[in-house]
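For reference, start32.cif (mmCIF, C-alpha atoms and all ligand atoms):
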```cif
data_target
loop_
_atom_site.label_atom_id
_atom_site.label_comp_id
_atom_site.auth_asym_id
_atom_site.auth_seq_id
_atom_site.Cartn_x
_atom_site.Cartn_y
_atom_site.Cartn_z
CA MET A 1 23.15 -18.46 15.73
CA GLN A 2 20.70 -19.76 18.31
CA VAL A 3 20.75 -18.74 21.93
CA ASN A 4 20.29 -21.57 24.45
CA ASN A 5 18.62 -24.00 22.12
CA SER A 6 15.70 -21.64 21.69
CA THR A 7 14.26 -19.98 18.62
CA ILE A 8 15.67 -16.59 19.64
CA LEU A 9 18.11 -15.42 17.00
CA HIS A 10 20.51 -12.54 16.88
CA CYS A 11 19.36 -9.65 14.70
CA GLN A 12 22.75 -9.37 13.00
CA SER A 13 22.56 -12.93 11.74
CA TRP A 14 19.01 -12.69 10.39
CA GLN A 15 17.58 -11.11 7.29
CA ARG A 16 14.32 -11.14 5.36
CA GLU A 17 14.08 -14.02 2.92
CA SER A 18 13.36 -12.89 -0.58
CA SER A 19 10.27 -14.81 -1.59
CA ASN A 20 11.35 -17.51 -4.08
CA SER A 21 7.81 -18.12 -5.27
CA HIS A 22 7.85 -14.52 -6.48
CA SER A 23 9.61 -15.09 -9.80
CA ASP A 24 7.35 -18.08 -10.57
CA ALA A 25 4.33 -15.85 -10.02
CA ALA A 26 5.86 -13.12 -12.20
CA SER A 27 6.42 -15.38 -15.21
CA LYS A 28 2.96 -16.93 -14.90
CA VAL A 29 1.34 -13.51 -14.59
CA SER A 30 3.37 -12.10 -17.47
CA GLU A 31 1.93 -14.80 -19.74
CA LEU A 32 -1.58 -14.12 -18.42
CA LEU A 33 -1.29 -10.38 -19.10
CA LYS A 34 -0.04 -10.98 -22.65
CA GLN A 35 -3.14 -13.03 -23.33
CA ILE A 36 -5.41 -10.37 -21.86
CA GLN A 37 -3.69 -7.74 -23.99
CA SER A 38 -4.09 -9.75 -27.19
CA GLN A 39 -7.45 -11.45 -26.59
CA GLY A 40 -9.22 -8.89 -24.39
CA ASP A 41 -12.42 -9.71 -22.51
CA ALA A 42 -12.48 -13.39 -23.51
CA ALA A 43 -9.11 -13.95 -21.80
CA VAL A 44 -10.21 -12.08 -18.66
CA GLU A 45 -13.28 -14.29 -18.47
CA ALA A 46 -11.33 -17.49 -19.07
CA PHE A 47 -8.80 -16.70 -16.33
CA SER A 48 -11.54 -15.77 -13.90
CA GLN A 49 -13.18 -19.13 -14.56
CA GLN A 50 -9.85 -20.94 -14.25
CA PHE A 51 -8.71 -19.40 -10.95
CA ASP A 52 -11.99 -18.47 -9.27
CA GLY A 53 -14.68 -20.53 -10.98
CA PHE A 54 -16.90 -17.56 -11.83
CA SER A 55 -17.37 -15.06 -14.65
CA PRO A 56 -16.62 -11.40 -13.97
CA GLU A 57 -19.72 -9.50 -12.97
CA TRP A 58 -20.58 -5.80 -12.67
CA ILE A 59 -22.46 -5.31 -9.44
CA GLU A 60 -24.63 -2.25 -9.03
CA LEU A 61 -24.02 -0.67 -5.66
CA LYS A 62 -26.88 0.23 -3.39
CA SER A 63 -26.89 2.42 -0.32
CA PRO A 64 -24.88 0.82 2.53
CA ASP A 65 -27.93 0.06 4.66
CA ASN A 66 -29.38 -2.16 1.92
CA TYR A 67 -27.06 -5.10 2.44
CA GLY A 68 -28.69 -6.69 5.47
CA LEU A 69 -25.62 -6.11 7.66
CA GLU A 70 -25.92 -6.55 11.37
CA PRO A 71 -26.61 -2.99 12.65
CA GLU A 72 -23.52 -3.01 14.92
CA LEU A 73 -21.27 -3.99 12.00
CA LEU A 74 -22.73 -1.31 9.74
CA GLU A 75 -22.32 1.24 12.51
CA ALA A 76 -18.67 0.21 12.96
CA ILE A 77 -17.99 0.45 9.23
CA VAL A 78 -19.59 3.90 9.10
CA ALA A 79 -17.56 5.06 12.11
CA ALA A 80 -14.30 3.67 10.66
CA ALA A 81 -15.06 5.31 7.30
CA SER A 82 -15.58 8.61 9.04
CA ARG A 83 -12.17 8.43 10.79
CA ILE A 84 -10.42 7.37 7.57
CA GLU A 85 -12.11 10.26 5.78
CA THR A 86 -11.06 12.72 8.49
CA PHE A 87 -7.43 11.67 8.12
CA ALA A 88 -7.57 11.83 4.33
CA GLN A 89 -9.29 15.24 4.40
CA PHE A 90 -6.66 16.50 6.86
CA GLN A 91 -3.97 15.44 4.41
CA ARG A 92 -5.82 16.94 1.44
CA ASP A 93 -6.16 20.28 3.23
CA LYS A 94 -2.39 20.43 3.72
CA LEU A 95 -1.76 20.07 -0.01
CA VAL A 96 -2.23 23.61 -1.20
CA ASP A 97 -1.68 24.92 -4.72
CA SER A 98 0.96 27.68 -4.48
CA THR A 99 2.61 30.32 -6.61
CA TYR A 100 5.29 32.93 -6.15
CA VAL A 101 6.03 36.05 -8.18
CA ASP A 102 9.55 37.14 -9.05
CA ASP A 103 11.25 39.49 -11.54
CA CYS A 104 10.35 37.20 -14.47
CA GLY A 105 6.73 36.31 -13.81
CA GLU A 106 4.61 33.91 -11.80
CA PHE A 107 5.69 30.36 -10.97
CA GLY A 108 3.91 27.67 -9.05
CA PHE A 109 2.50 24.22 -8.74
CA ARG A 110 -0.91 22.70 -8.33
CA TYR A 111 -2.40 19.33 -7.46
CA GLN A 112 -4.55 17.56 -9.98
CA ALA A 113 -6.32 14.25 -9.38
CA ILE A 114 -5.72 11.26 -11.64
CA GLU A 115 -9.04 10.82 -13.45
CA ARG A 116 -9.73 7.08 -13.49
CA ILE A 117 -8.45 4.74 -10.84
CA GLY A 118 -9.02 1.10 -9.94
CA ALA A 119 -9.01 -0.03 -6.32
CA TYR A 120 -8.26 -3.71 -5.80
CA ILE A 121 -9.88 -5.15 -2.70
CA PRO A 122 -8.45 -8.56 -1.81
CA GLY A 123 -10.98 -11.24 -1.25
CA GLY A 124 -9.23 -14.54 -1.70
CA ARG A 125 -8.48 -15.54 1.85
CA PHE A 126 -10.54 -12.96 3.74
CA PRO A 127 -12.99 -10.34 2.49
CA LEU A 128 -11.04 -7.18 3.40
CA ILE A 129 -13.87 -4.77 4.17
CA SER A 130 -11.40 -2.23 5.50
CA THR A 131 -9.41 -2.17 2.26
CA ALA A 132 -12.48 -0.91 0.42
CA LEU A 133 -12.49 2.09 2.76
CA MET A 134 -8.72 2.58 2.72
CA THR A 135 -8.36 2.66 -1.06
CA LEU A 136 -11.56 4.39 -2.18
CA ILE A 137 -11.93 7.15 0.40
CA PRO A 138 -8.56 8.85 -0.32
CA ALA A 139 -9.27 8.56 -4.07
CA LYS A 140 -12.62 10.28 -3.58
CA LEU A 141 -11.13 13.07 -1.48
CA ALA A 142 -8.31 13.54 -3.97
CA GLY A 143 -10.99 14.16 -6.59
CA CYS A 144 -10.54 11.13 -8.89
CA ARG A 145 -13.58 11.12 -11.17
CA GLU A 146 -14.00 7.38 -11.75
CA ARG A 147 -13.23 4.99 -8.91
CA ILE A 148 -13.64 1.36 -9.93
CA ALA A 149 -13.70 -1.14 -7.08
CA CYS A 150 -12.55 -4.61 -8.09
CA SER A 151 -12.65 -7.70 -5.88
CA PRO A 152 -13.14 -11.44 -6.15
CA SER A 153 -15.48 -11.13 -3.19
CA ASP A 154 -19.06 -9.89 -3.29
CA HIS A 155 -19.41 -10.21 0.46
CA PRO A 156 -22.26 -7.86 1.47
CA ALA A 157 -19.97 -5.97 3.85
CA ILE A 158 -17.45 -5.31 1.05
CA LEU A 159 -20.24 -4.03 -1.18
CA ALA A 160 -21.60 -1.84 1.62
CA ALA A 161 -18.10 -0.49 2.36
CA ALA A 162 -17.36 0.16 -1.32
CA SER A 163 -20.65 1.99 -1.65
CA LEU A 164 -20.02 4.03 1.49
CA ALA A 165 -16.49 4.83 0.33
CA GLY A 166 -17.77 6.19 -2.96
CA ALA A 167 -16.92 3.55 -5.57
CA THR A 168 -18.43 4.64 -8.89
CA ALA A 169 -18.59 1.01 -10.12
CA PHE A 170 -17.95 -2.46 -8.71
CA LEU A 171 -16.52 -5.33 -10.72
CA LYS A 172 -16.48 -8.79 -9.16
CA LEU A 173 -13.16 -10.10 -10.46
CA GLY A 174 -10.00 -11.16 -8.66
CA GLY A 175 -6.30 -11.85 -9.02
CA ALA A 176 -3.93 -10.81 -11.80
CA GLN A 177 -6.75 -10.90 -14.34
CA ALA A 178 -8.50 -8.14 -12.41
CA ILE A 179 -5.43 -5.91 -12.63
CA GLY A 180 -5.16 -6.74 -16.35
CA ALA A 181 -8.83 -5.85 -16.92
CA LEU A 182 -8.42 -2.52 -15.14
CA ALA A 183 -5.27 -1.64 -17.07
CA TYR A 184 -6.38 -2.77 -20.55
CA GLY A 185 -10.10 -2.08 -20.18
CA TYR A 186 -12.93 -4.58 -19.91
CA GLN A 187 -16.29 -4.44 -21.66
CA ASP A 188 -17.42 -0.80 -21.34
CA LEU A 189 -14.68 0.06 -18.88
CA GLU A 190 -12.01 2.33 -20.33
CA PRO A 191 -8.49 1.49 -19.15
CA VAL A 192 -7.79 3.17 -15.81
CA GLN A 193 -4.68 5.26 -15.25
CA MET A 194 -3.86 3.93 -11.82
CA VAL A 195 -4.43 0.74 -9.82
CA VAL A 196 -4.01 0.67 -6.06
CA GLY A 197 -4.60 -1.77 -3.27
CA PRO A 198 -2.95 -4.74 -1.67
CA GLY A 199 -3.15 -8.31 -2.85
CA ASN A 200 -1.38 -11.63 -3.01
CA GLN A 201 1.73 -12.38 -5.07
CA TYR A 202 -0.25 -12.65 -8.34
CA VAL A 203 -1.94 -9.30 -7.85
CA ASN A 204 1.35 -7.65 -6.95
CA ALA A 205 3.20 -9.25 -9.86
CA ALA A 206 0.53 -7.94 -12.25
CA LYS A 207 0.83 -4.43 -10.84
CA GLN A 208 4.62 -4.51 -11.14
CA LEU A 209 4.50 -5.82 -14.71
CA LEU A 210 1.99 -3.16 -15.78
CA ASN A 211 3.92 -0.38 -14.11
CA GLN A 212 4.86 1.14 -17.49
CA LYS A 213 1.24 1.46 -18.51
CA ILE A 214 -0.40 2.48 -15.27
CA GLN A 215 0.55 4.23 -12.09
CA ILE A 216 0.62 1.84 -9.13
CA ASP A 217 1.03 2.25 -5.42
CA ALA A 218 3.93 0.65 -3.56
CA ALA A 219 4.21 -3.14 -3.47
CA ALA A 220 1.74 -4.02 -0.72
CA GLY A 221 2.43 -7.72 -0.33
CA PRO A 222 2.21 -10.13 2.59
CA SER A 223 1.92 -8.20 5.83
CA GLU A 224 4.89 -7.43 8.08
CA LEU A 225 5.27 -6.16 11.60
CA LEU A 226 8.39 -5.22 13.50
CA ILE A 227 8.07 -4.49 17.21
CA LEU A 228 10.84 -2.67 19.02
CA ALA A 229 10.27 -3.37 22.69
CA ASP A 230 11.86 -2.91 26.06
CA GLU A 231 11.30 -5.37 28.89
CA SER A 232 8.38 -3.41 30.35
CA VAL A 233 6.14 -4.17 27.39
CA ASN A 234 2.89 -6.09 27.91
CA GLN A 235 3.83 -9.51 26.54
CA ASP A 236 0.27 -10.68 25.86
CA TRP A 237 -0.43 -7.55 23.87
CA VAL A 238 2.60 -7.85 21.61
CA ILE A 239 1.97 -11.56 21.10
CA ALA A 240 -1.57 -10.75 19.98
CA ASP A 241 -0.21 -8.07 17.62
CA MET A 242 2.32 -10.48 16.10
CA ALA A 243 -0.24 -13.24 15.64
CA ALA A 244 -2.65 -10.70 14.15
CA GLN A 245 -0.34 -9.64 11.33
CA ALA A 246 0.80 -13.26 10.80
CA GLU A 247 -2.77 -14.39 10.19
CA HIS A 248 -3.09 -12.29 7.02
CA ASP A 249 -1.08 -14.74 4.95
CA PRO A 250 1.19 -17.80 5.45
CA GLN A 251 3.96 -15.53 4.08
CA ALA A 252 3.18 -12.72 6.53
CA GLN A 253 5.83 -12.18 9.19
CA SER A 254 6.08 -10.54 12.61
CA LEU A 255 9.37 -9.69 14.31
CA LEU A 256 10.01 -8.84 17.94
CA VAL A 257 13.37 -7.09 18.39
CA SER A 258 14.76 -6.30 21.81
CA ASP A 259 17.96 -6.03 23.78
CA SER A 260 16.18 -7.76 26.66
CA LEU A 261 16.72 -11.50 26.61
CA ASP A 262 14.30 -11.74 29.53
CA LEU A 263 11.53 -10.29 27.38
CA LEU A 264 12.32 -12.51 24.40
CA SER A 265 12.49 -15.64 26.56
CA GLY A 266 9.26 -14.71 28.32
CA VAL A 267 7.48 -14.22 25.00
CA GLU A 268 8.93 -17.44 23.64
CA LYS A 269 7.62 -19.33 26.66
CA LEU A 270 4.14 -17.89 26.22
CA LEU A 271 4.15 -18.74 22.53
CA ARG A 272 5.25 -22.30 23.24
CA ALA A 273 2.35 -22.72 25.67
CA THR A 274 -0.25 -23.06 22.91
CA ASP A 275 -0.05 -25.14 19.75
CA GLU A 276 -1.46 -22.38 17.57
CA LEU A 277 1.13 -19.80 18.61
CA SER A 278 3.95 -22.32 18.82
CA LYS A 279 3.30 -23.19 15.19
CA LEU A 280 3.78 -19.55 14.22
CA LEU A 281 7.29 -19.74 15.70
CA ASP A 282 8.05 -23.02 13.93
CA ASP A 283 6.72 -21.68 10.63
CA LYS A 284 8.88 -18.56 11.04
CA GLN A 285 5.84 -16.34 10.96
CA ILE A 286 6.92 -14.99 14.33
CA ILE A 287 10.62 -14.28 14.75
CA LEU A 288 12.27 -13.32 18.01
CA LEU A 289 15.47 -11.32 17.57
CA GLU A 290 17.96 -10.24 20.16
CA ALA A 291 19.97 -7.04 19.74
CA ASP A 292 23.11 -6.12 21.71
CA SER A 293 21.86 -2.60 22.32
CA VAL A 294 18.97 -0.25 21.60
CA GLU A 295 21.11 1.40 18.91
CA GLN A 296 21.59 -1.94 17.19
CA ALA A 297 17.84 -2.62 17.35
CA ILE A 298 17.15 0.78 15.74
CA ASP A 299 19.74 0.14 13.01
CA PHE A 300 18.18 -3.24 12.32
CA SER A 301 14.71 -1.74 12.07
CA ASN A 302 15.88 1.00 9.70
CA GLN A 303 17.61 -1.53 7.50
CA TYR A 304 14.65 -3.98 7.52
CA ALA A 305 12.15 -1.16 6.72
CA PRO A 306 9.01 -2.87 8.03
CA GLU A 307 5.52 -2.24 6.74
CA HIS A 308 4.22 -1.72 10.30
CA LEU A 309 6.54 -0.59 13.08
CA LEU A 310 5.31 -0.75 16.66
CA LEU A 311 7.53 1.28 18.93
CA ALA A 312 7.13 -0.16 22.42
CA ASP A 313 10.53 0.85 23.74
CA GLN A 314 10.37 4.02 25.77
CA ARG A 315 14.08 4.70 25.32
CA VAL A 316 13.77 5.14 21.56
CA ASP A 317 13.24 8.59 20.07
CA GLN A 318 10.90 8.12 17.10
CA ASP A 319 12.90 10.60 15.02
CA LEU A 320 15.68 7.99 14.84
CA LEU A 321 13.37 5.63 12.95
CA SER A 322 13.74 6.38 9.26
CA ASN A 323 12.20 3.49 7.33
CA PHE A 324 8.68 2.16 7.88
CA GLY A 325 5.29 2.22 6.18
CA SER A 326 3.33 3.26 9.26
CA LEU A 327 4.54 3.91 12.79
CA PHE A 328 2.55 2.95 15.87
CA VAL A 329 3.89 4.73 18.93
CA GLY A 330 3.46 3.10 22.33
CA GLU A 331 1.88 -0.20 23.19
CA ASN A 332 -1.63 1.31 23.25
CA SER A 333 -1.34 1.76 19.50
CA ALA A 334 -2.36 -1.70 18.32
CA VAL A 335 -1.49 -2.23 14.67
CA ALA A 336 -4.99 -3.63 14.18
CA TYR A 337 -6.41 -0.13 14.89
CA GLY A 338 -4.46 1.03 11.87
CA ASP A 339 -5.75 -1.94 9.87
CA TYR A 340 -9.35 -0.95 10.48
CA CYS A 341 -10.33 2.30 11.95
CA SER A 342 -7.87 4.76 13.51
CA GLY A 343 -7.61 6.83 10.33
CA PRO A 344 -4.19 6.47 8.64
CA ASN A 345 -4.08 4.12 5.67
CA HIS A 346 -3.37 0.39 5.94
CA THR A 347 -2.21 -0.07 2.35
CA LEU A 348 1.50 0.08 2.98
CA PRO A 349 4.84 -0.83 1.39
CA THR A 350 6.27 -4.26 2.23
CA MET A 351 9.41 -6.31 1.42
CA GLY A 352 11.73 -3.48 2.39
CA THR A 353 10.30 -1.03 -0.15
CA ALA A 354 9.42 1.24 2.77
CA ASN A 355 13.00 2.48 2.50
CA ARG A 356 11.96 4.39 -0.62
CA SER A 357 8.19 4.43 -0.95
CA SER A 358 5.11 5.49 0.96
CA GLY A 359 1.81 3.92 1.84
CA LEU A 360 -1.37 4.91 0.12
CA SER A 361 -2.70 8.39 0.87
CA VAL A 362 -4.56 11.23 -0.80
CA LEU A 363 -1.22 12.31 -2.26
CA SER A 364 -0.92 8.99 -4.14
CA PHE A 365 -3.88 9.98 -6.32
CA LEU A 366 -2.62 13.46 -7.17
CA LYS A 367 -0.26 14.67 -9.83
CA VAL A 368 1.86 17.68 -8.98
CA GLN A 369 1.83 20.01 -11.98
CA SER A 370 3.98 23.07 -12.43
CA VAL A 371 2.65 26.28 -13.98
CA GLN A 372 4.64 29.29 -15.27
CA ALA A 373 3.56 32.64 -16.68
CA VAL A 374 6.45 34.83 -17.86
CA HIS A 375 5.81 38.56 -18.22
CA GLU A 376 7.19 41.15 -20.66
CA GLU A 377 10.24 42.02 -18.60
CA GLY A 378 10.74 38.37 -17.72
CA ARG A 379 11.08 37.16 -21.29
CA LYS A 380 14.04 39.47 -21.87
CA LYS A 381 15.82 38.31 -18.74
CA LEU A 382 15.19 34.64 -19.36
CA SER A 383 16.22 34.88 -23.02
CA ALA A 384 19.58 36.26 -21.97
CA MET A 385 20.08 33.29 -19.66
CA GLY A 386 18.61 30.51 -21.76
CA GLU A 387 20.09 31.49 -25.11
CA LYS A 388 23.61 31.02 -23.85
CA ILE A 389 22.86 27.51 -22.65
CA ALA A 390 21.01 26.55 -25.85
CA GLU A 391 23.95 27.79 -27.85
CA ALA A 392 26.34 25.62 -25.87
CA GLU A 393 24.04 22.64 -26.37
CA GLN A 394 23.81 23.50 -30.08
CA LEU A 395 20.05 23.36 -29.98
CA VAL A 396 19.48 25.98 -32.63
CA TRP A 397 15.71 26.31 -32.47
CA HIS A 398 15.70 26.45 -28.73
CA GLN A 399 18.02 29.42 -28.99
CA LYS A 400 15.89 30.98 -31.70
CA SER A 401 12.63 30.64 -29.77
CA MET A 402 14.22 32.72 -27.03
CA ALA A 403 16.07 35.11 -29.31
CA VAL A 404 12.80 36.19 -30.97
CA ARG A 405 11.52 37.16 -27.53
CA SER A 406 14.63 38.92 -26.35
CA SER A 407 13.60 42.45 -27.11
N1 LIG B 501 0.43 -4.66 2.62
C1 LIG B 501 -0.80 -4.29 2.86
O1 LIG B 501 -1.10 -3.13 3.05
C2 LIG B 501 -1.87 -5.33 2.90
C3 LIG B 501 -3.14 -5.03 3.40
C4 LIG B 501 -4.12 -6.02 3.34
C5 LIG B 501 -3.82 -7.27 2.81
N2 LIG B 501 -2.56 -7.52 2.36
C6 LIG B 501 -2.21 -8.80 1.75
O2 LIG B 501 -3.09 -9.03 0.67
C7 LIG B 501 -3.08 -10.43 0.38
C8 LIG B 501 -4.49 -10.92 0.06
O3 LIG B 501 -4.35 -12.16 -0.59
P1 LIG B 501 -5.57 -13.14 -0.93
O4 LIG B 501 -4.97 -14.30 -1.64
O5 LIG B 501 -6.34 -13.39 0.30
O6 LIG B 501 -6.54 -12.32 -1.87
P2 LIG B 501 -6.35 -11.66 -3.29
O7 LIG B 501 -7.68 -11.09 -3.63
O8 LIG B 501 -5.16 -10.79 -3.34
O9 LIG B 501 -6.07 -12.86 -4.29
C9 LIG B 501 -7.04 -13.80 -4.63
C10 LIG B 501 -7.01 -14.07 -6.12
O10 LIG B 501 -5.75 -14.65 -6.47
C11 LIG B 501 -5.94 -15.41 -7.63
N3 LIG B 501 -5.20 -16.68 -7.48
C12 LIG B 501 -5.26 -17.52 -6.43
N4 LIG B 501 -4.47 -18.59 -6.66
C13 LIG B 501 -3.92 -18.41 -7.87
C14 LIG B 501 -2.99 -19.17 -8.65
N5 LIG B 501 -2.49 -20.33 -8.23
N6 LIG B 501 -2.60 -18.68 -9.85
C15 LIG B 501 -3.11 -17.49 -10.29
N7 LIG B 501 -3.98 -16.74 -9.58
C16 LIG B 501 -4.37 -17.20 -8.39
C17 LIG B 501 -7.39 -15.68 -7.77
O11 LIG B 501 -7.85 -15.07 -8.97
C18 LIG B 501 -8.04 -15.03 -6.57
O12 LIG B 501 -9.22 -14.32 -6.87
C19 LIG B 501 -2.42 -11.10 1.59
O13 LIG B 501 -1.12 -11.46 1.21
C20 LIG B 501 -2.36 -9.98 2.64
O14 LIG B 501 -1.29 -10.10 3.54
C21 LIG B 501 -1.60 -6.58 2.39
ZN ZN B 502 -3.32 -6.46 9.71
#
```

Would you put the structure from the file into C-alpha cells?
Amino acid sequence: MQVNNSTILHCQSWQRESSNSHSDAASKVSELLKQIQSQGDAAVEAFSQQFDGFSPEWIELKSPDNYGLEPELLEAIVAAASRIETFAQFQRDKLVDSTYVDDCGEFGFRYQAIERIGAYIPGGRFPLISTALMTLIPAKLAGCRERIACSPSDHPAILAAASLAGATAFLKLGGAQAIGALAYGYQDLEPVQMVVGPGNQYVNAAKQLLNQKIQIDAAAGPSELLILADESVNQDWVIADMAAQAEHDPQAQSLLVSDSLDLLSGVEKLLRATDELSKLLDDKQIILLEADSVEQAIDFSNQYAPEHLLLADQRVDQDLLSNFGSLFVGENSAVAYGDYCSGPNHTLPTMGTANRSSGLSVLSFLKVQSVQAVHEEGRKKLSAMGEKIAEAEQLVWHQKSMAVRSS
C-alpha cells in the first residue's frame, strides 16, 4: 500500500525479502566445497584463480608501522584497535570461572578458548580494515592460540590491522574457497575449529554448509539498519546513516520506521533531491515505513530483528527492544562509529537471525565447560538418586557403576 503516490509504505504491509540468489549460491558453493574436500590444495588454488585471478599466498606480517600507511590513518587504526580491545577485555573480565560446594562435592564451570580459529576479512568490494580488528582482537583476548587471518585483499592497511590485532598468520585467499581451506586445511595449515567474520553470499553459504565440521559465528550477510525515529530526529544525520549501511552491498538495506508521516515525507523529499540518494529509494536499499503508533513500530522492529538498530525516538524505552544485533541509542550514536571504532563488535547477525543469535564477541571464541568433583559422602547420596533412574531406564551398567560406589 502506497501513501500519496510516494515510496512510503506501511510497516504492516512490508517484510524482508528472502534473498532468492541465496539458494543458487548455496548449490554452487556446495559443489566447490566437495571438490576442495576431495582434491585438497589443488582445488583451492584452481578456485582462487577462477574467481580472483590469483594463487593463494601466505603473507608474513610485519609490525604495523612497516606498511607505509599515512601516519594519521595508522594512528586512527591504533586508536580504534585500542577501543575494540578495551570492550573485548571488559567482556572477558566479566566471564569468570565459578564453582560452588554442596553436600555432594564441588561443581562449576570454566571458560576455555577454542584453539585454532580463522578470521575472514572481506576484501571483494572494499578492503574492510575494521573487520580485521573486530574479528582478531576478541579471539586474541579469548586466548585462541592460532588466529589465521584470511582475505582476498592484501591492502597494506588490512595487513597492518591484522598484524596489530594479533593474527598469527595471514593467507591471501577469498570467497568460499577461503572458508573451505580454513575448514579442511591448506598446505601446512591444520584445519581450524572455528571460522568467523562477515562476507558475501558465497562466504556465508560456505560457512553454513561447513557448520557441522566447524563452529561458525552468526550469518553476517549484507548489512541492515533499522532506525526508529520520532519527528525531532536530525533528518540529514539519519539519511547519512541509511546511505552508509546501504553502500556496503547492493543487497544491503536501511529502513526508517516512524509514526510521523511528516518525518517520512521530509526524508523522502531530501532523498529525492539528489540522484544518488534517490536511486537508493528506487533500488529499495532505503525503505521508508509508516507505523500507526510507537507500539506498532516497536513490534515491527522486534519482528524484523535488524542487524543494527538506531533508536532515535525518545519515547521508546530500550528495554522494549528485544531483537537486534547491536543497539545504537540516540542520534549521536552513528552506526558508523560501531562499524569502526567505538568498541563493540561490528560482525553481527543479519537476515532476521538476530532473533536467536548474537554478534561476535569474546564469548564467541570460548567454550563453557562444566567440572564436577564428588566427595566420599557425595557418592553415596548421588548413587541413591541415580541408581533408581538408571534402573527405570534399564541401563544396567549405569546402575552398576553407581552401585559399586554406594557404600
Ligand atoms: N554483517 C556484518 O557484520 C558485515 C560487516 C562487514 C561486511 N559485511 C558484508 O560483507 C560482504 C563483503 O562482500 P564482498 O563481496 O565485498 O567481499 P568478500 O570478501 O566477502 O567476497 C569476495 C570474494 O567472493 C568470491 N566471489 C565473487 N564473485 C563470485 C562468484 N560469482 N562465484 C563465486 N565466488 C565469487 C571471490 O572469491 C572474492 O574473493 C558485504 O555483503 C557486506 O555487507 C557484513
Ligand atoms: Zn557499516

Give as an MDAnalysis selection string the residues surrounding ligand ZN 502 (chain B) up to a distance of 6 Å, considering all atoms listed in the file. chainID A and resid 245 336 339

Which residues, protein or nucleic acid, reach to within 10 Å of (-1.9, -14.5, -7.1) in the file's coordinates when using all atoms listed in the file, and can you give that as a PDB file with C-alpha atoms, in the frame of the given file?
```pdb
ATOM      1  CA  HIS A  22       7.850 -14.520  -6.480  1.00  0.00           C
ATOM      2  CA  ALA A  25       4.330 -15.850 -10.020  1.00  0.00           C
ATOM      3  CA  ALA A  26       5.860 -13.120 -12.200  1.00  0.00           C
ATOM      4  CA  LYS A  28       2.960 -16.930 -14.900  1.00  0.00           C
ATOM      5  CA  VAL A  29       1.340 -13.510 -14.590  1.00  0.00           C
ATOM      6  CA  PHE A  51      -8.710 -19.400 -10.950  1.00  0.00           C
ATOM      7  CA  GLY A 124      -9.230 -14.540  -1.700  1.00  0.00           C
ATOM      8  CA  GLY A 174     -10.000 -11.160  -8.660  1.00  0.00           C
ATOM      9  CA  GLY A 175      -6.300 -11.850  -9.020  1.00  0.00           C
ATOM     10  CA  ALA A 176      -3.930 -10.810 -11.800  1.00  0.00           C
ATOM     11  CA  GLN A 177      -6.750 -10.900 -14.340  1.00  0.00           C
ATOM     12  CA  GLY A 199      -3.150  -8.310  -2.850  1.00  0.00           C
ATOM     13  CA  ASN A 200      -1.380 -11.630  -3.010  1.00  0.00           C
ATOM     14  CA  GLN A 201       1.730 -12.380  -5.070  1.00  0.00           C
ATOM     15  CA  TYR A 202      -0.250 -12.650  -8.340  1.00  0.00           C
ATOM     16  CA  VAL A 203      -1.940  -9.300  -7.850  1.00  0.00           C
ATOM     17  CA  ASN A 204       1.350  -7.650  -6.950  1.00  0.00           C
ATOM     18  CA  ALA A 205       3.200  -9.250  -9.860  1.00  0.00           C
ATOM     19  CA  ALA A 206       0.530  -7.940 -12.250  1.00  0.00           C
TER      20      ALA A 206
END
```

Tell me which residues come within 7 Å of (4.2, -1.5, 10.4), as a PyMOL selection string, counting all atoms listed in the file in the file's coordinates. chain A and resi 224-226+306-310+324-327

Let's have the selection written as a tab-separated table (two decimals), in the frame of the given file, with C-alpha atoms.
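Saved the output as result.tsv:
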```tsv
chain	number	residue	atom	x	y	z
A	224	GLU	CA	4.89	-7.43	8.08
A	225	LEU	CA	5.27	-6.16	11.60
A	226	LEU	CA	8.39	-5.22	13.50
A	306	PRO	CA	9.01	-2.87	8.03
A	307	GLU	CA	5.52	-2.24	6.74
A	308	HIS	CA	4.22	-1.72	10.30
A	309	LEU	CA	6.54	-0.59	13.08
A	310	LEU	CA	5.31	-0.75	16.66
A	324	PHE	CA	8.68	2.16	7.88
A	325	GLY	CA	5.29	2.22	6.18
A	326	SER	CA	3.33	3.26	9.26
A	327	LEU	CA	4.54	3.91	12.79
```

Report, as lines of an AutoDock Vina configuration file, the axis-aligned box around all atoms of range 203-209 of chain A present in the file, extended by 6 Å on each side; give centre and edge lengths in Å to one decimal place.
```
center_x = 1.3
center_y = -6.9
center_z = -10.8
size_x = 18.6
size_y = 16.9
size_z = 19.8
```

Taking all atoms listed in the file into account, which of A:Asp282, A:Asp292, A:Asp299, A:Glu247 comes nearest His10 in chain A? A:Asp292

Which one is closest to ligand LIG 501 (chain B): A:Gly352, A:Pro138, A:Pro64, A:Pro156? Count all atoms listed in the file.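 Among A:Gly352, A:Pro138, A:Pro64, A:Pro156, it is A:Gly352 that comes nearest to ligand LIG 501 (chain B).
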
Nearest to Val371 in chain A by atom-to-atom distance, counting only C-alpha atoms, from A:Glu85, A:Asp283, A:Asp259, A:Glu106: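 Closest residue, counting only C-alpha atoms: A:Glu106.
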
One-decimal distance in Å that lies between CA of Asn302 in chain A and CA of Leu281 in chain A: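 Taking CA of Leu281 in chain A as the start and CA of Asn302 in chain A as the end point, the length is 23.2 Å.
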